[in-house]
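Chemist: Coordinates in work.cif, mmCIF, C-alpha atoms, are listed below.
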data_upload
#
loop_
_atom_site.label_atom_id
_atom_site.label_comp_id
_atom_site.auth_asym_id
_atom_site.auth_seq_id
_atom_site.Cartn_x
_atom_site.Cartn_y
_atom_site.Cartn_z
CA MET A 1 -28.72 24.21 -50.28
CA HIS A 2 -26.43 21.27 -51.01
CA ILE A 3 -22.68 21.96 -51.02
CA ALA A 4 -20.53 19.16 -52.45
CA ILE A 5 -16.79 19.06 -51.73
CA ILE A 6 -14.44 16.90 -53.81
CA GLY A 7 -11.49 15.96 -51.61
CA ASN A 8 -11.18 15.23 -47.90
CA GLY A 9 -7.78 16.79 -47.26
CA ILE A 10 -7.15 19.75 -44.98
CA SER A 11 -8.69 22.23 -47.47
CA GLY A 12 -11.92 20.33 -48.08
CA ILE A 13 -12.45 19.37 -44.44
CA THR A 14 -11.77 22.90 -43.19
CA ALA A 15 -14.35 24.16 -45.69
CA ALA A 16 -16.88 21.58 -44.46
CA ARG A 17 -16.29 22.41 -40.79
CA PHE A 18 -16.69 26.14 -41.29
CA ILE A 19 -19.73 25.76 -43.53
CA ARG A 20 -21.33 23.80 -40.70
CA LYS A 21 -20.40 26.51 -38.19
CA LEU A 22 -21.91 29.18 -40.42
CA SER A 23 -25.01 27.43 -41.78
CA ASP A 24 -27.45 24.53 -41.80
CA HIS A 25 -26.68 23.63 -45.43
CA LYS A 26 -26.38 20.02 -46.53
CA ILE A 27 -22.70 19.09 -46.88
CA THR A 28 -21.21 16.10 -48.71
CA VAL A 29 -17.47 15.42 -48.70
CA ILE A 30 -16.33 13.04 -51.45
CA SER A 31 -13.06 11.11 -51.48
CA ALA A 32 -11.73 8.15 -53.44
CA GLU A 33 -8.69 7.90 -51.15
CA THR A 34 -10.01 7.19 -47.64
CA ASP A 35 -13.28 6.99 -45.73
CA TYR A 36 -12.12 9.57 -43.20
CA PHE A 37 -9.95 12.67 -43.15
CA PHE A 38 -6.38 12.03 -42.02
CA SER A 39 -3.32 14.17 -41.38
CA ARG A 40 -1.30 13.91 -44.57
CA THR A 41 1.75 15.55 -43.01
CA ALA A 42 1.92 12.75 -40.41
CA ILE A 43 2.06 9.80 -42.85
CA MET A 44 5.78 9.41 -42.32
CA TYR A 45 5.36 8.98 -38.56
CA ALA A 46 3.00 6.05 -39.00
CA TYR A 47 5.61 4.25 -41.11
CA MET A 48 8.34 5.10 -38.61
CA GLY A 49 6.33 3.66 -35.73
CA HIS A 50 5.80 6.94 -33.90
CA MET A 51 2.03 6.77 -34.48
CA ARG A 52 -0.52 4.09 -35.21
CA LYS A 53 -2.32 4.37 -38.52
CA GLU A 54 -5.62 5.09 -36.75
CA ASP A 55 -3.94 7.98 -34.93
CA LEU A 56 -3.63 9.82 -38.25
CA LYS A 57 -7.32 10.72 -37.99
CA PRO A 58 -7.72 14.08 -36.17
CA TYR A 59 -11.41 13.40 -35.47
CA GLU A 60 -13.28 10.39 -34.09
CA ASP A 61 -15.44 8.54 -36.62
CA TRP A 62 -18.63 9.74 -34.91
CA PHE A 63 -17.64 13.41 -35.47
CA TRP A 64 -19.02 13.51 -39.00
CA GLU A 65 -22.52 12.23 -38.26
CA LYS A 66 -22.78 14.40 -35.17
CA ASN A 67 -21.93 17.49 -37.25
CA ARG A 68 -24.15 16.40 -40.14
CA ILE A 69 -21.30 16.19 -42.65
CA ASP A 70 -22.03 13.35 -45.09
CA LEU A 71 -19.03 11.34 -46.29
CA LYS A 72 -19.06 9.55 -49.64
CA ARG A 73 -16.34 7.20 -50.83
CA GLY A 74 -16.18 7.51 -54.60
CA PHE A 75 -14.26 8.77 -57.62
CA VAL A 76 -15.71 11.73 -59.53
CA SER A 77 -15.05 11.14 -63.22
CA LYS A 78 -17.05 14.04 -64.63
CA ILE A 79 -18.47 17.41 -63.59
CA ASP A 80 -21.61 18.38 -65.48
CA SER A 81 -21.63 22.07 -64.56
CA GLN A 82 -24.60 22.94 -66.77
CA ASN A 83 -26.90 20.56 -64.89
CA LYS A 84 -24.96 20.78 -61.61
CA GLN A 85 -24.33 17.05 -61.48
CA LEU A 86 -21.31 14.98 -60.44
CA VAL A 87 -20.85 11.71 -62.32
CA PHE A 88 -19.03 8.94 -60.46
CA LYS A 89 -16.79 6.30 -61.96
CA GLU A 90 -19.03 3.72 -60.33
CA GLY A 91 -21.96 5.02 -62.39
CA ALA A 92 -24.02 7.03 -59.89
CA ASN A 93 -24.81 10.75 -60.10
CA MET A 94 -25.05 13.42 -57.40
CA GLY A 95 -26.60 16.86 -57.69
CA TYR A 96 -25.19 19.98 -56.03
CA ASP A 97 -26.00 23.66 -55.65
CA LYS A 98 -22.45 24.78 -55.01
CA LEU A 99 -19.28 22.76 -55.64
CA ILE A 100 -15.88 23.07 -53.97
CA ILE A 101 -12.99 21.27 -55.68
CA ALA A 102 -10.20 20.38 -53.24
CA CYS A 103 -8.63 17.40 -54.99
CA GLY A 104 -5.01 18.15 -54.05
CA SER A 105 -1.83 17.19 -55.85
CA THR A 106 -0.29 14.18 -57.53
CA PRO A 107 3.44 13.29 -57.80
CA ASN A 108 5.32 14.36 -60.90
CA LYS A 109 6.43 11.85 -63.49
CA PHE A 110 8.66 12.81 -66.38
CA GLY A 111 8.26 9.90 -68.75
CA TRP A 112 11.04 7.77 -67.32
CA PRO A 113 11.06 4.24 -68.78
CA GLY A 114 9.76 1.95 -66.05
CA GLN A 115 8.04 4.68 -64.04
CA ASP A 116 4.80 2.65 -63.85
CA LEU A 117 6.34 -0.59 -62.60
CA ASP A 118 5.36 -2.12 -59.26
CA ARG A 119 7.30 -0.76 -56.29
CA VAL A 120 7.68 2.61 -58.03
CA GLN A 121 5.64 5.37 -56.40
CA GLY A 122 5.50 8.75 -54.71
CA MET A 123 4.74 9.53 -51.07
CA TYR A 124 1.56 11.56 -50.97
CA SER A 125 -1.52 9.39 -50.40
CA MET A 126 -2.64 6.76 -47.91
CA GLN A 127 -2.22 4.24 -50.73
CA ASP A 128 1.42 5.37 -50.98
CA LEU A 129 1.90 4.62 -47.29
CA ASP A 130 0.37 1.18 -47.82
CA GLY A 131 2.67 0.66 -50.81
CA MET A 132 5.77 1.49 -48.81
CA GLU A 133 4.66 -0.85 -46.03
CA ALA A 134 4.06 -3.68 -48.49
CA ALA A 135 7.44 -3.11 -50.16
CA SER A 136 9.37 -3.02 -46.89
CA ASP A 137 9.77 -6.75 -46.57
CA LYS A 138 12.85 -8.94 -46.29
CA ASN A 139 13.45 -8.58 -50.03
CA LEU A 140 13.96 -4.81 -49.83
CA LYS A 141 17.74 -4.43 -49.75
CA ARG A 142 17.94 -0.86 -51.07
CA ALA A 143 15.60 1.98 -52.05
CA VAL A 144 16.41 4.67 -54.61
CA ILE A 145 14.73 8.07 -54.18
CA VAL A 146 14.55 10.51 -57.07
CA GLY A 147 14.22 14.23 -56.38
CA GLY A 148 15.69 16.52 -53.76
CA GLY A 149 12.70 18.24 -52.18
CA LEU A 150 10.94 17.93 -48.84
CA ILE A 151 9.04 14.75 -49.74
CA GLY A 152 12.29 13.12 -50.84
CA ILE A 153 14.06 13.71 -47.53
CA GLU A 154 10.98 12.50 -45.65
CA MET A 155 10.92 9.25 -47.63
CA ALA A 156 14.66 8.81 -47.10
CA GLU A 157 14.22 9.27 -43.36
CA MET A 158 11.35 6.77 -43.34
CA PHE A 159 13.46 4.00 -44.88
CA HIS A 160 16.46 5.03 -42.80
CA SER A 161 14.40 4.57 -39.61
CA ARG A 162 14.04 0.87 -40.53
CA HIS A 163 17.73 0.54 -41.44
CA ILE A 164 16.92 0.10 -45.12
CA PRO A 165 19.79 1.53 -47.22
CA VAL A 166 18.83 4.55 -49.32
CA THR A 167 20.41 6.12 -52.40
CA PHE A 168 19.16 9.67 -52.90
CA LEU A 169 19.44 11.10 -56.44
CA VAL A 170 19.53 14.92 -56.60
CA ARG A 171 20.12 16.61 -59.94
CA GLU A 172 21.43 19.87 -58.37
CA ASP A 173 24.96 20.30 -56.98
CA LEU A 174 23.55 20.68 -53.45
CA TYR A 175 20.36 19.47 -51.78
CA TRP A 176 17.35 21.78 -52.38
CA ASN A 177 19.55 24.69 -53.44
CA ALA A 178 16.78 26.09 -55.62
CA VAL A 179 15.10 27.09 -52.35
CA LEU A 180 17.76 27.21 -49.65
CA PRO A 181 20.64 29.70 -49.73
CA THR A 182 24.02 28.08 -50.35
CA GLU A 183 25.18 27.91 -46.72
CA GLU A 184 22.01 26.19 -45.49
CA SER A 185 21.98 23.88 -48.51
CA LYS A 186 25.55 22.81 -47.74
CA MET A 187 24.61 22.23 -44.11
CA VAL A 188 21.69 19.95 -44.97
CA SER A 189 23.66 18.09 -47.66
CA LYS A 190 26.40 17.35 -45.14
CA HIS A 191 23.86 16.28 -42.51
CA ILE A 192 22.19 13.84 -44.94
CA VAL A 193 25.52 12.15 -45.64
CA GLU A 194 26.46 12.09 -41.93
CA ASN A 195 23.27 10.12 -41.28
CA GLY A 196 24.36 7.33 -43.60
CA ILE A 197 22.20 8.22 -46.59
CA ASP A 198 23.91 7.76 -49.96
CA LEU A 199 23.43 11.24 -51.42
CA ARG A 200 24.26 11.45 -55.14
CA LEU A 201 24.44 15.09 -56.22
CA GLU A 202 24.25 16.15 -59.89
CA THR A 203 22.72 12.77 -60.65
CA GLU A 204 19.43 12.10 -62.43
CA LEU A 205 17.28 9.07 -63.09
CA LYS A 206 17.42 7.79 -66.66
CA GLU A 207 15.53 4.48 -66.48
CA ILE A 208 13.97 1.98 -64.06
CA ILE A 209 14.66 -1.69 -64.88
CA ASP A 210 11.95 -4.37 -64.88
CA ASP A 211 12.87 -7.66 -63.19
CA GLY A 212 10.72 -9.51 -65.73
CA THR A 213 7.62 -9.63 -63.53
CA GLY A 214 6.62 -5.98 -63.81
CA THR A 215 8.52 -4.99 -60.65
CA ALA A 216 11.44 -2.58 -60.30
CA CYS A 217 14.84 -4.16 -59.69
CA ALA A 218 17.32 -1.38 -60.56
CA ALA A 219 17.72 2.28 -61.45
CA ILE A 220 19.98 3.55 -64.23
CA THR A 221 21.37 7.07 -63.73
CA ASN A 222 22.27 9.67 -66.34
CA LYS A 223 25.89 8.77 -65.63
CA GLY A 224 25.31 5.22 -66.80
CA GLU A 225 25.49 3.65 -63.35
CA ARG A 226 23.18 0.79 -62.44
CA ILE A 227 21.95 0.83 -58.84
CA ASP A 228 20.29 -2.42 -57.83
CA CYS A 229 17.19 -1.71 -55.74
CA GLN A 230 13.76 -3.11 -54.95
CA PHE A 231 11.92 0.21 -54.60
CA VAL A 232 12.06 3.56 -56.42
CA GLY A 233 10.52 6.64 -54.83
CA LEU A 234 9.50 9.39 -57.25
CA THR A 235 9.63 12.63 -55.24
CA ALA A 236 10.53 15.20 -57.89
CA GLY A 237 7.72 17.52 -56.82
CA VAL A 238 3.95 17.44 -57.30
CA HIS A 239 1.42 19.10 -59.58
CA PRO A 240 -2.30 19.91 -59.24
CA ASN A 241 -4.52 16.84 -59.59
CA ILE A 242 -6.77 18.26 -62.29
CA GLY A 243 -6.68 15.69 -65.09
CA PHE A 244 -10.38 14.89 -64.72
CA ILE A 245 -11.23 18.62 -64.89
CA LYS A 246 -9.44 19.01 -68.21
CA GLU A 247 -11.15 15.91 -69.62
CA SER A 248 -14.69 16.35 -68.35
CA ALA A 249 -15.25 20.07 -67.69
CA PRO A 250 -13.34 22.19 -70.22
CA GLU A 251 -15.53 25.18 -69.32
CA ILE A 252 -13.60 25.42 -66.05
CA GLU A 253 -10.51 27.45 -66.95
CA VAL A 254 -7.19 25.95 -65.92
CA GLY A 255 -3.52 26.87 -66.07
CA LYS A 256 -1.19 24.68 -64.10
CA GLY A 257 -4.03 24.50 -61.62
CA ILE A 258 -7.72 25.48 -61.58
CA LEU A 259 -7.79 29.25 -62.05
CA VAL A 260 -9.62 31.13 -59.29
CA ASP A 261 -10.27 34.76 -58.35
CA GLU A 262 -9.72 36.36 -54.94
CA LYS A 263 -12.96 34.73 -53.70
CA LEU A 264 -11.60 31.35 -54.88
CA GLU A 265 -14.37 31.04 -57.50
CA THR A 266 -13.57 29.43 -60.83
CA SER A 267 -14.65 30.63 -64.28
CA VAL A 268 -17.95 28.77 -63.70
CA LYS A 269 -20.46 30.26 -61.28
CA ASP A 270 -20.98 28.31 -58.04
CA ILE A 271 -17.83 26.23 -58.54
CA TYR A 272 -14.81 26.97 -56.34
CA ALA A 273 -11.32 25.49 -56.03
CA ILE A 274 -9.07 25.49 -52.98
CA GLY A 275 -5.79 24.02 -51.76
CA ASP A 276 -3.08 22.43 -53.89
CA CYS A 277 -5.25 22.26 -57.02
CA ALA A 278 -6.12 25.99 -57.05
CA GLN A 279 -4.14 28.60 -58.99
CA LEU A 280 -4.73 32.24 -58.05
CA ARG A 281 -5.15 34.54 -61.03
CA ASN A 282 -3.73 37.50 -59.09
CA PRO A 283 -1.68 36.32 -56.11
CA ASN A 284 -0.51 38.77 -53.47
CA GLU A 285 2.93 40.30 -53.98
CA GLY A 286 5.59 37.84 -52.91
CA ARG A 287 3.24 34.83 -53.05
CA ARG A 288 3.07 32.07 -55.66
CA PRO A 289 -0.07 31.32 -57.69
CA ILE A 290 -0.01 27.72 -56.39
CA GLU A 291 1.18 27.02 -52.86
CA ALA A 292 1.02 23.34 -51.94
CA VAL A 293 1.43 23.75 -48.19
CA TRP A 294 -0.81 22.73 -45.30
CA TYR A 295 -1.60 26.08 -43.73
CA THR A 296 -2.57 27.88 -46.95
CA GLY A 297 -4.97 25.04 -47.78
CA LYS A 298 -6.53 25.46 -44.34
CA MET A 299 -6.87 29.23 -44.86
CA MET A 300 -8.50 28.69 -48.25
CA GLY A 301 -10.99 26.25 -46.73
CA GLU A 302 -12.08 28.79 -44.14
CA THR A 303 -12.27 31.61 -46.70
CA VAL A 304 -14.41 29.69 -49.20
CA ALA A 305 -16.80 28.60 -46.42
CA TYR A 306 -17.71 32.22 -45.71
CA THR A 307 -18.18 32.94 -49.40
CA VAL A 308 -20.49 30.00 -50.16
CA CYS A 309 -22.51 30.84 -47.04
CA GLY A 310 -23.27 34.33 -48.34
CA LYS A 311 -20.56 36.22 -46.44
CA PRO A 312 -17.98 36.74 -49.21
CA GLN A 313 -14.35 37.06 -48.19
CA ALA A 314 -11.21 37.53 -50.23
CA TYR A 315 -8.41 35.07 -49.70
CA ASN A 316 -5.57 37.06 -48.18
CA PRO A 317 -2.65 34.97 -46.92
CA THR A 318 -0.29 36.58 -44.47
CA ILE A 319 3.49 36.46 -44.73
CA TRP A 320 5.03 33.38 -46.32
CA PHE A 321 5.88 30.73 -43.77
CA ASN A 322 7.09 27.17 -44.01
CA SER A 323 8.71 24.62 -41.74
CA ALA A 324 10.20 21.17 -42.13
CA LYS A 325 12.75 18.82 -40.63
CA PHE A 326 15.85 17.52 -42.40
CA VAL A 327 16.44 14.33 -40.38
CA ASP A 328 17.53 16.03 -37.11
CA ILE A 329 17.68 19.67 -38.24
CA GLU A 330 14.51 21.73 -37.85
CA TYR A 331 13.85 24.40 -40.46
CA GLN A 332 11.72 27.55 -40.39
CA VAL A 333 11.36 30.36 -42.89
CA TYR A 334 9.37 33.58 -42.53
CA GLY A 335 8.98 36.16 -45.29
CA THR A 336 11.28 36.30 -48.32
CA VAL A 337 14.56 34.40 -48.20
CA LEU A 338 15.67 33.46 -51.71
CA ALA A 339 18.34 31.04 -52.84
CA LYS A 340 19.61 33.73 -55.20
CA ALA A 341 19.03 37.04 -53.46
CA PRO A 342 18.37 40.24 -55.46
CA GLU A 343 20.86 43.10 -55.19
CA ASN A 344 18.81 45.02 -52.65
CA HIS A 345 18.68 42.07 -50.19
CA THR A 346 21.46 41.79 -47.62
CA SER A 347 21.86 38.81 -45.29
CA ILE A 348 23.15 38.66 -41.75
CA TYR A 349 24.20 35.03 -41.50
CA TRP A 350 25.42 33.25 -38.37
CA GLU A 351 26.27 29.55 -38.22
CA HIS A 352 27.18 27.48 -35.19
CA PRO A 353 30.70 25.99 -35.32
CA GLU A 354 29.22 22.48 -35.15
CA GLY A 355 27.38 23.16 -38.43
CA ARG A 356 23.83 22.19 -37.38
CA LYS A 357 22.38 25.56 -36.37
CA SER A 358 22.14 28.82 -38.25
CA ILE A 359 20.27 32.12 -38.29
CA ARG A 360 19.81 34.20 -41.43
CA ILE A 361 18.13 37.61 -41.26
CA VAL A 362 17.48 39.33 -44.59
CA TYR A 363 16.80 43.05 -44.97
CA ASP A 364 16.41 45.58 -47.78
CA ASN A 365 19.68 47.48 -47.94
CA LYS A 366 17.96 50.49 -49.53
CA THR A 367 15.17 50.93 -46.97
CA SER A 368 16.61 48.92 -44.01
CA GLU A 369 13.24 47.11 -43.76
CA ILE A 370 13.28 43.53 -42.54
CA VAL A 371 12.48 41.05 -45.34
CA GLY A 372 12.84 37.52 -43.99
CA PHE A 373 14.17 35.02 -41.46
CA ASN A 374 15.70 31.60 -42.23
CA LEU A 375 16.37 29.33 -39.26
CA MET A 376 18.10 25.96 -39.03
CA GLY A 377 18.08 24.10 -35.71
CA ILE A 378 16.72 27.18 -33.90
CA ARG A 379 13.11 28.23 -33.46
CA TYR A 380 11.67 31.75 -33.52
CA ARG A 381 8.18 32.87 -32.49
CA HIS A 382 5.84 33.05 -35.47
CA GLU A 383 3.83 35.99 -34.09
CA VAL A 384 6.92 38.11 -33.42
CA CYS A 385 8.46 37.52 -36.86
CA GLU A 386 5.10 38.10 -38.55
CA LYS A 387 4.61 41.42 -36.76
CA TRP A 388 8.06 42.68 -37.71
CA LEU A 389 7.57 41.66 -41.34
CA LYS A 390 4.06 43.10 -41.63
CA GLU A 391 5.14 46.41 -40.15
CA LYS A 392 8.33 46.52 -42.24
CA THR A 393 10.34 47.07 -39.09
CA SER A 394 13.91 48.34 -39.52
CA VAL A 395 16.62 45.71 -39.26
CA GLU A 396 18.30 47.54 -36.38
CA THR A 397 15.10 47.57 -34.31
CA VAL A 398 14.72 43.85 -35.01
CA LEU A 399 18.30 43.12 -33.99
CA GLN A 400 18.05 45.16 -30.79
CA ASN A 401 14.96 43.17 -29.79
CA LEU A 402 15.91 39.82 -31.30
CA GLY A 403 15.60 38.01 -27.97
CA LEU A 404 11.82 38.46 -28.15
CA ALA A 405 11.69 36.11 -31.13
CA ASN A 406 13.61 33.22 -29.56
CA PHE A 407 11.30 30.24 -29.00
CA ASP A 408 13.86 27.65 -27.91
CA PRO A 409 13.44 26.14 -24.42
CA GLU A 410 14.39 28.37 -21.50
CA PHE A 411 17.80 26.93 -20.69
CA TYR A 412 19.02 26.59 -24.28
CA LYS A 413 21.96 28.76 -25.19
CA GLU A 414 21.13 32.09 -26.85
CA TYR A 415 22.85 33.28 -30.02
CA GLU A 416 21.30 36.70 -30.56
CA THR A 417 24.46 38.51 -29.41
CA GLU A 418 26.52 36.70 -32.07
CA VAL A 419 24.04 37.76 -34.78
CA VAL A 420 24.22 41.40 -33.71
CA LYS A 421 28.01 41.15 -33.68
CA ILE A 422 28.02 39.99 -37.30
CA TYR A 423 25.82 42.94 -38.30
CA ASN A 424 28.24 45.31 -36.59
CA GLN A 425 31.17 43.72 -38.42
CA GLN A 426 29.34 44.10 -41.76
CA THR A 427 28.31 47.72 -41.19
CA GLY A 428 30.98 49.15 -38.86
CA LYS A 429 28.28 50.06 -36.32
CA ASN A 430 28.09 49.37 -32.59
CA LEU A 431 24.51 48.15 -32.18
CA GLN A 432 23.62 46.57 -28.83
CA LEU A 433 21.03 43.93 -27.97
CA LYS A 434 18.30 45.50 -25.80
CA GLN A 435 15.88 42.63 -25.16
CA LYS A 436 16.99 39.34 -23.66
CA ARG A 437 14.90 36.26 -24.25
CA SER A 438 11.84 36.28 -22.00
CA LEU A 439 8.39 34.78 -22.43
CA THR A 440 6.93 37.59 -20.32
CA ALA A 441 8.58 40.24 -22.50
CA ALA A 442 7.44 38.50 -25.69
CA LEU A 443 3.84 38.30 -24.48
CA LYS A 444 3.90 41.96 -23.42
CA PHE A 445 5.24 42.85 -26.88
CA LEU A 446 2.47 40.89 -28.64
CA ARG A 447 -0.30 42.23 -26.40
CA LYS A 448 0.81 45.76 -27.14
CA ALA A 449 0.85 44.96 -30.85
CA VAL A 450 -2.80 43.85 -30.85
CA GLY A 451 -4.00 46.45 -28.35
CA VAL A 452 -4.79 44.07 -25.47
#
How does the structure come out when it is put into structure tokens?
Modeler:
Amino acid sequence: MHIAIIGNGISGITAARFIRKLSDHKITVISAETDYFFSRTAIMYAYMGHMRKEDLKPYEDWFWEKNRIDLKRGFVSKIDSQNKQLVFKEGANMGYDKLIIACGSTPNKFGWPGQDLDRVQGMYSMQDLDGMEAASDKNLKRAVIVGGGLIGIEMAEMFHSRHIPVTFLVREDLYWNAVLPTEESKMVSKHIVENGIDLRLETELKEIIDDGTGTACAAITNKGERIDCQFVGLTAGVHPNIGFIKESAPEIEVGKGILVDEKLETSVKDIYAIGDCAQLRNPNEGRRPIEAVWYTGKMMGETVAYTVCGKPQAYNPTIWFNSAKFVDIEYQVYGTVLAKAPENHTSIYWEHPEGRKSIRIVYDNKTSEIVGFNLMGIRYRHEVCEKWLKEKTSVETVLQNLGLANFDPEFYKEYETEVVKIYNQQTGKNLQLKQKRSLTAALKFLRKAVGV
């Protein structure tokens, strides 16, 4: 059986690797972006000089032949599902028995005048990295970045690392406040400014000006201000890269993404979709239909591999988790922590006086069950938080054992006592911390949880 995979990102490559572990099927991975799989989340570090470009490849070039995974560089322009054929832009055809679509995302554009000029781009692909490198010459005096999400702050940090001035346009009144609660959003906004980045809140892009040669030379804001620049980064989110599906295979049902069931199968038999381009018809409670994050794409790749190899599995993501870094502030979230919390969610929020560390613990005030953790500049153990959330542990049990979650280095200062103190102030109780931070205690706790 021949299994073709469109896309060599984390989803497609995980699918290929697990199909090989489970079977002797013929596997072809197709990509128009690069010859070999690379770590998309590490692009920024290549630009910043922390890694060489070749270090972005998690596997040696010989890995693919050794594991009998064929790689094809090409652009699929049409899917002929009736005859099970892929048609390439270059003119060739390829047959398949089962098809996995893992074609990822593409940056949003909103019809801004000048959005297709040279030196105007997103930061998603290897070609985007090459574009930033090419633009970062002696003529680049300032970059303007549009959009206040995670990709925007990464691009700002990239330019900042080379001492290239950055103006950061964010339409909201605080950075990423559609996701972060107000206190954390204020913290990050302040930190961005402290690092010398020109953060313009409540400011939107209106137009990008052509210098007369088809290249960007300035950005005009909705406030009428002209900002002279030689690069414009469009980082106002991404959307599923499914234009060629809509055009060439209308029998494959789509919404915002390619619609899939719990087995990740599309409306057409033997065609599956995974990763950023897939939209779950019936997502688990508390999860979004489309989740463009690395670890869910990896999970989907593993799940679909079992299904196409005759061992069907339902995609069942665990608790929501995400992590990032806002210049120097690390960020982790586990479970449900909303920017605008519902009435039944109560937060215990502690912030360090220096304003670069915080702990937020959210619980259901009707049931006392733990709901989520939001951490800035402090790290908690994934396994411990996941166990508490899965088991709907009471907030007081969590607080009494909070030291088990602490993942900061051994001699870092602990702040669990301060968090418990805030809970006592909010509730009038006298709860005491039982467990101090200890790797041994945390391991014992986890072993007991899994019955080892």
Chemist: Kindly indicate which residue among A:Asn316, A:Ser11, A:Asn344, A:Gln432 lies nearest to Leu402 (chain A), using all atoms listed in the file for the distances.
Modeler: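 Once distances to Leu402 (chain A) are computed over all atoms listed in the file, the minimum belongs to A:Gln432.
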Chemist: For region 383-399 of chain A, please output as a PyMOL selection string all residues within 7 Å (counting all atoms listed in the file; exclusion window: fewer than 5 positions along the same chain).
Modeler: chain A and resi 319+334-335+363+368-371+405+420+433
Chemist: Could you list the residues chosen by the PyMOL selection byres ((chain A and resi 308) around 9) in this structure as a PyMOL selection string?
Modeler: chain A and resi 3+19+98+270+272+304-307+309-312
Chemist: Near region 24-37 of chain A, within 6 Å and counting all atoms listed in the file, which residues show up once chain neighbours fewer than 2 positions away are dropped, as a PyMOL selection string?
Modeler: chain A and resi 1-8+69-75
Chemist: For C-alpha atoms, I'd like the residues from the last selection saved as a PDB file, in the frame of the given file.
Modeler:
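Produced file part.pdb, reproduced below:
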ATOM      1  CA  MET A   1     -28.720  24.210 -50.280  1.00  0.00           C
ATOM      2  CA  HIS A   2     -26.430  21.270 -51.010  1.00  0.00           C
ATOM      3  CA  ILE A   3     -22.680  21.960 -51.020  1.00  0.00           C
ATOM      4  CA  ALA A   4     -20.530  19.160 -52.450  1.00  0.00           C
ATOM      5  CA  ILE A   5     -16.790  19.060 -51.730  1.00  0.00           C
ATOM      6  CA  ILE A   6     -14.440  16.900 -53.810  1.00  0.00           C
ATOM      7  CA  GLY A   7     -11.490  15.960 -51.610  1.00  0.00           C
ATOM      8  CA  ASN A   8     -11.180  15.230 -47.900  1.00  0.00           C
ATOM      9  CA  ILE A  69     -21.300  16.190 -42.650  1.00  0.00           C
ATOM     10  CA  ASP A  70     -22.030  13.350 -45.090  1.00  0.00           C
ATOM     11  CA  LEU A  71     -19.030  11.340 -46.290  1.00  0.00           C
ATOM     12  CA  LYS A  72     -19.060   9.550 -49.640  1.00  0.00           C
ATOM     13  CA  ARG A  73     -16.340   7.200 -50.830  1.00  0.00           C
ATOM     14  CA  GLY A  74     -16.180   7.510 -54.600  1.00  0.00           C
ATOM     15  CA  PHE A  75     -14.260   8.770 -57.620  1.00  0.00           C
TER      16      PHE A  75
END
Chemist: Between CA of Leu201 (chain A) and CA of Asp116 (chain A), what distance in Å does the model show, to one decimal?
Modeler: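 Going from CA of Leu201 (chain A) over to CA of Asp116 (chain A) covers 24.5 Å.
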Chemist: What does the PyMOL selection byres ((chain A and resi 77) around 9) select in this file, as a ChimeraX atom specification?
Modeler: /A:75-76,78-79,86-90,244-245,247-248
Chemist: Between A:Ala42, A:Ile10, A:Ala219, A:Ile101, which one has atoms that come closest to Asn241 (chain A), using only C-alpha atoms?
Modeler: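 Counting only C-alpha atoms, the residue closest to Asn241 (chain A) is A:Ile101.
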Chemist: What residues come out when you apply the PyMOL selection byres ((chain A and resi 143) around 8) to this file, written as a ChimeraX atom specification?
Modeler: /A:140-142,144-145,159,164-167,229-233
Chemist: Using only C-alpha atoms, which protein or nucleic acid residues come within 9 Å of Ile151 (chain A)? Drop anything in the same chain fewer than 3 positions from it, and give the result as a VMD selection string.
Modeler: chain A and resid 122 to 124 147 to 148 154 to 156 235 to 237
Chemist: Work out how far CA of Ile348 (chain A) is from CA of Gln426 (chain A), in Å to one decimal.
Modeler: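 These two atoms are separated by 8.2 Å.
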Chemist: So what do you get for CA of Thr106 (chain A) versus CA of Ala178 (chain A), distance-wise?
Modeler: 20.9 Å
Chemist: Take every atom of region 108-121 of chain A listed in the file, fit an axis-aligned box around them, add 5 Å per side, and give the centre and edge lengths in Å to one decimal as AutoDock Vina command-line options.
Modeler:
--center_x 7.9 --center_y 6.1 --center_z -62.5 --size_x 16.3 --size_y 26.5 --size_z 22.5
Chemist: Of the candidates A:Thr41, A:Ile242, A:Leu259, A:Gln313, which shows the shortest atom-to-atom distance to Ile271 (chain A), using all atoms listed in the file?
Modeler: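 Nearest candidate to Ile271 (chain A) out of A:Thr41, A:Ile242, A:Leu259, A:Gln313: A:Leu259.
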Chemist: Which residue, A:Glu253, A:Leu117, A:Leu199, A:Lys190, has the smallest gap to Thr215 (chain A) when you use all atoms listed in the file?
Modeler: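 The answer is A:Leu117, which sits nearest to Thr215 (chain A).
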Chemist: Please tabulate, as JSON lines, the residues of region 128-226 of chain A that come within 7 Å of region 322-331 of chain A, each with its closest pair of atoms and the distance in Å to one decimal, counting only C-alpha atoms and ordering rows by chain, then residue number upward.
Modeler:
{"residue": "A:Ile153", "atom": "CA", "partner": "A:Phe326", "partner_atom": "CA", "distance": 6.6}
{"residue": "A:Glu157", "atom": "CA", "partner": "A:Val327", "partner_atom": "CA", "distance": 6.3}
{"residue": "A:Val188", "atom": "CA", "partner": "A:Phe326", "partner_atom": "CA", "distance": 6.8}
Chemist: What's around Met48 (chain A) at 8 Å? Count all atoms listed in the file, leave out sequence neighbours fewer than 4 positions away in its own chain, and write the answer as a VMD selection string.
Modeler: chain A and resid 44 158 161 to 162
